[in-house]
Each structure stands twice: as structure tokens, then as C-alpha cells.
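Written out below as C-alpha cells is the structure these notes cover.
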Amino acid sequence: MKRTVKELKEIAREIRILIIKMLTKAGSGHPGGSLSVADLVTALYFKVMKHDPMNPKWPDRDRFILSKGHCVPAQYAALALSGYFDQELLMTLRKFNSSLQGHPDMTKTVGLEISSGSLGQGLSVGGGIALAGKYDRKDYRVYVILGDGEVQEGQVWEAAMSAAHYKLDNLCAFLDYNKLQIDGKVEEVMNINPISDKWRAFGWHSIEIDGNKMEEVLKACQEAKEIKNKPTMIIAHTVKGKGVSFMEGMVNYHGVAPTSEECERALKEL
């Protein structure tokens with residue numbers, strides 16, 4: 001897709017606006033992590049991945065898995081802006097009978113590859129899809145976004161070992177390293193550092209970037225495409241609540257929706 005960095009930044013801003021509007025309307029949800037991944041999701045859907053909203057099951061499409069499923073408002077916004085469904089549907093988030101549930105449900109929402117939200121599972125699924133692509137001689141790529149608190153779970157490291165063993169160079173994962181999880185600072189709940197060294201020790205190519213800088217995200221994605229015989233982990237240092245000053249770096253906005261007054265303030269900033 002021939003979009004400029006400036007255009008991508010504008011899309012990321014629009015996604016953040018939609019996140020705030022959706023969560024305020026729903027009265028529940030997870031703003032902090034949804035805002036922190038907005039730049040990553042924008043880069044994937046509007047520049048990096050090959051996909052077709054008119055043909056969601058296109059066999060040669062790249063696959064995207066949001067392992068940290070509670071941050072799905074960012075993905076829903078990207079899907080709507082891409083043309084998978086009408087933007088008006090976004091305002092039904094978390095409502096009864098809505099196709100946009102609080103966590104991804106592939107049986108209800110067009111454009112989703114898996115149902116997620118039970119943390120720790122997404123990388124295993126991504127590895128399986130990537131391995132299937134190798135067996136089927138397909139050239140699609142698989143992208144997975146993990147949370148930093150999520151990688152405290154053992155299944156993630158089993159998946160990491162497996163992906164390296166099978167030399168899945170068609171698998172690229174992002175760690176949304178905003179350094180906060182529901183119970184507080186990641187380093188205090190269960191320290192994951194030295195995180196980049198750990199991925200390298202498991203046989204991955206590891207890149208560290210500012211995950212809220214579009215230029216760095218795009219550069220890392222291109223580097224990942226050029227790596228052969230091993231998967232790539234992009235450690236994306238991000239800011240929880242990015243784009244809304246009073247939410248940035250605040251753990252209490254992990255899973256609390258904005259009030260109407262906070263929504264107004266946030267939208268003015270965005």
C-alpha cells in the first residue's frame with residue numbers, strides 16, 4: 001500500500017479517536033493498551049500486510065493475531081477504516097448481540113483470524129499458521145501482537161522455542177512493551193528483563209524500537225521480512241494510553257473506560 005508516513009500517522013490518530021469514542025459509548029473496556037498498540041496496528045493494516053476487505057478469506061492474505069485480545073478496539077477500528085464493515089458498527093462495542101465483543105470472536109466479526117483474550121495463546125496459534133504456510137508452500141506472513149504482562153506466561157516460551165525450531169521466518173511478533181499490566185508495573189509483578197536477550201536465546205531475531213514512532217515500526221517490519229530461517233520479535237517500547245495526556249503511563253486506565261467528561265478532554269487532545 002502506497003501510503004506515506006504522514007498519512008499513516010493520521011490514520012493512527014483516527015484509530016485513537018475511535019477507540020475513545022467506542023469505549024466511552026460502551027462504558028467498559030481497555031483504553032491503555034488499545035491506545036499503545038494503535039501505531040503498530042496502523043502500520044500492519046495500512047502498509048505492511050497484504051489483505052483484502054472484499055475477500056477476507058483470501059488464501060494468500062497475511063494473517064494478524066491480536067494475542068492481547070482485550071485491546072481489540074484498536075483492531076476493530078482498523079478493520080472498519082480498512083472497509084471490512086461499516087464504521088457505525090463500532091459504536092455497538094460490547095453491546096448484547098453486537099458482532100464486536102469485548103474480546104475477539106472470529107465467529108462473529110469479519111476479518112478476525114482467531115478468538116483471543118485468554119492470554120498466552122496467540123503466539124502458539126500464530127506459529128501453527130506460519131508452519132501450515134510453510135507446508136502449503138504459501139508466501140503469506142503471520143503477525144502477532146503480545147502484551148508485556150502476557151509474556152510472563154509459560155506457553156509463550158513454548159511457542160517461542162517451537163517457532164525457532166521450525167525456522168519460521170514467515171512469523172513476526174511484536175511485544176507491546178508499555179511496561180504496565182493490570183496489577184501495576186511489569187517489572188514489579190514479574191520482571192521480564194532482559195527481554196530482548198531472552199528472545200535471542202530462544203533462537204529469534206530480536207529488534208528493539210520505539211513502537212509509537214511510525215518510521216521505526218515500518219523499518220523493523222522491513223527488516224523482519226529480510227531475515228531468513230528464524231522468526232522475528234520486535235520489542236516495541238510504547239506508552240500506555242499514548243495520545244491522551246492524562247492516560248499516558250497510568251495503570252488505572254488499563255481496564256477503565258473514559259467518562260463522558262474524560263472523552264471530551266481526550267478528543268480535544270487528539
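A note on labels: chains of the C-alpha cells are A, B, ... as shown, every chain counts residues from 1, and ligands are counted from 1 in their shown order.
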Q: Name the residues in contact with region 34-41 of chain A at a cut-off of 8 Å, using only C-alpha atoms, excluding same-chain residues fewer than 3 positions from it; report them as JSON, numbers by chain.
A: {"A": [9, 12, 15, 16, 19, 30, 31, 44, 45, 70, 71, 72, 73, 74, 75, 78, 176, 178, 211, 212, 213, 214, 217, 238, 239, 240, 241, 242, 243]}
Keeping C-alpha atoms for every residue in the selection just given, could you write it to a file as a short mmCIF file (atom, residue, chain, number, x, y, z; two decimals), in the first residue's frame?
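Output contents, as saved in again-v1.cif:
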data_model
loop_
_atom_site.label_atom_id
_atom_site.label_comp_id
_atom_site.auth_asym_id
_atom_site.auth_seq_id
_atom_site.Cartn_x
_atom_site.Cartn_y
_atom_site.Cartn_z
CA LYS A 9 0.19 8.86 11.41
CA ALA A 12 -3.30 6.13 13.81
CA ILE A 15 -7.92 4.98 15.32
CA ARG A 16 -7.19 6.53 18.72
CA ILE A 19 -11.03 3.87 20.49
CA HIS A 30 -9.35 -1.29 27.96
CA PRO A 31 -8.12 2.11 26.75
CA LEU A 44 0.21 -3.54 9.67
CA TYR A 45 -3.25 -2.92 8.23
CA HIS A 70 -8.55 -7.13 25.42
CA CYS A 71 -7.06 -4.40 23.23
CA VAL A 72 -9.27 -5.33 20.28
CA PRO A 73 -10.85 -1.85 19.96
CA ALA A 74 -7.68 -0.85 18.07
CA GLN A 75 -8.16 -3.76 15.68
CA ALA A 78 -8.51 -0.65 11.79
CA ASP A 176 3.73 -4.13 23.15
CA ASN A 178 4.24 -0.36 27.64
CA GLY A 211 6.67 1.39 18.99
CA ASN A 212 4.91 4.75 18.87
CA LYS A 213 7.15 6.07 16.07
CA MET A 214 5.77 5.03 12.70
CA VAL A 217 7.79 0.39 13.10
CA THR A 238 5.31 2.06 23.83
CA VAL A 239 3.42 4.34 26.19
CA LYS A 240 0.26 3.01 27.79
CA GLY A 241 -2.58 5.39 26.92
CA LYS A 242 -0.49 7.01 24.16
CA GLY A 243 -2.04 10.16 22.71
#
Distance query Ile209 (chain A) at most 7 Å, only C-alpha atoms, self and fewer than 4 positions along chain excluded, as a PDB file with C-alpha atoms, in the first residue's frame:
ATOM      1  CA  GLU A 216      10.712   2.809  13.323  1.00  0.00           C
ATOM      2  CA  ILE A 235      10.265  -5.269  21.073  1.00  0.00           C
ATOM      3  CA  ALA A 236       8.091  -2.178  20.711  1.00  0.00           C
ATOM      4  CA  HIS A 237       8.635   0.234  23.581  1.00  0.00           C
TER       5      HIS A 237
END
Q | Spatial neighbours of region 124-132 of chain A, max dist 10 Å, only C-alpha atoms, sep filter under 6 positions, as a ChimeraX atom specification | A | /A:62-67,113-114,116,138-145,155-160,162-164,166-173,231
Q. From the set A:Asn252, A:Asn97, A:Thr232, A:Gln181, which residue has the shortest atom-to-atom contact distance to Ser196 (chain A), counting only C-alpha atoms?
A.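 Closest to Ser196 (chain A), using only C-alpha atoms: A:Thr232.
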Within 6 Å of Ile234 (chain A), counting only C-alpha atoms, which residues qualify if same-chain residues fewer than 2 places away don't, as a PDB file with N, CA and C atoms, in the first residue's frame?
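result39.pdb written:
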ATOM      1  N   PHE A 174       5.240  -8.872  17.691  1.00  0.00           N
ATOM      2  CA  PHE A 174       5.518  -7.601  18.368  1.00  0.00           C
ATOM      3  C   PHE A 174       5.242  -7.779  19.850  1.00  0.00           C
ATOM      4  N   SER A 206      15.843 -10.470  17.158  1.00  0.00           N
ATOM      5  CA  SER A 206      15.185  -9.503  18.032  1.00  0.00           C
ATOM      6  C   SER A 206      15.571  -8.079  17.646  1.00  0.00           C
ATOM      7  N   ILE A 207      14.559  -7.220  17.569  1.00  0.00           N
ATOM      8  CA  ILE A 207      14.740  -5.808  17.231  1.00  0.00           C
ATOM      9  C   ILE A 207      14.058  -4.985  18.316  1.00  0.00           C
ATOM     10  N   GLU A 208      14.701  -3.911  18.758  1.00  0.00           N
ATOM     11  CA  GLU A 208      14.066  -3.001  19.717  1.00  0.00           C
ATOM     12  C   GLU A 208      13.805  -1.655  19.053  1.00  0.00           C
ATOM     13  N   ALA A 236       8.595  -3.527  20.979  1.00  0.00           N
ATOM     14  CA  ALA A 236       8.091  -2.178  20.711  1.00  0.00           C
ATOM     15  C   ALA A 236       7.866  -1.440  22.032  1.00  0.00           C
TER      16      ALA A 236
END
Q: For CA of Ala43 (chain A) and CA of Val5 (chain A), determine how far apart the two atoms are, in Å to one decimal place.
A: 9.2 Å
Q | Top pick for closest residue to His51 (chain A), considering A:Glu262, A:Gly83, A:Glu7, A:Ile20 and counting only C-alpha atoms | A | A:Gly83
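You will find CA of Leu23 (chain A) at 16.6 Å from CA of Val251 (chain A).
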Q: Assign secondary structure with DSSP using the backbone only, and return the residues of region 87-169 of chain A in strand (DSSP E) as JSON, numbers by chain.
A: {"A": [142, 143, 144, 145, 146, 147]}
Q: Would you list the contacts of Val244 (chain A) as number ranges by chain, taking every protein, DNA or RNA residue within 8 Å and counting only C-alpha atoms, but skipping same-chain residues closer than 5 positions in sequence?
A: A: 266, 269-270
**Q.** In region 25-162 of chain A, DSSP alpha helix (DSSP H) residues written as a ChimeraX atom specification
**A.** /A:25-26,31-36,38-43,72-82,122-135,154-162
Q | Counting only C-alpha atoms, the option among A:Leu123, A:Met54, A:Ala257, A:Cys221 closest to Arg94 (chain A) | A |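 Among the listed residues, A:Ala257 lies closest to Arg94 (chain A).
The shell of residues at most 12 Å from Ser115 (chain A), with only C-alpha atoms counted and near chain neighbours (fewer than 4 positions) removed, consists of Phe64, Ile65, Leu66, Ser67, Lys68, Gly69, His70, Val72, Leu100, Gln101, Gly102, His103, Pro104, Asp105, Met106, Thr107, Lys108, Thr109, Val110, Gly111, Leu119, Gln121, Gly122 and Val125 of chain A.
Among the candidate residues A:Glu153, A:Asp210, A:Ala77, A:His205, the one lying nearest to Ile192 (chain A) is A:Glu153, with distances computed using only C-alpha atoms.
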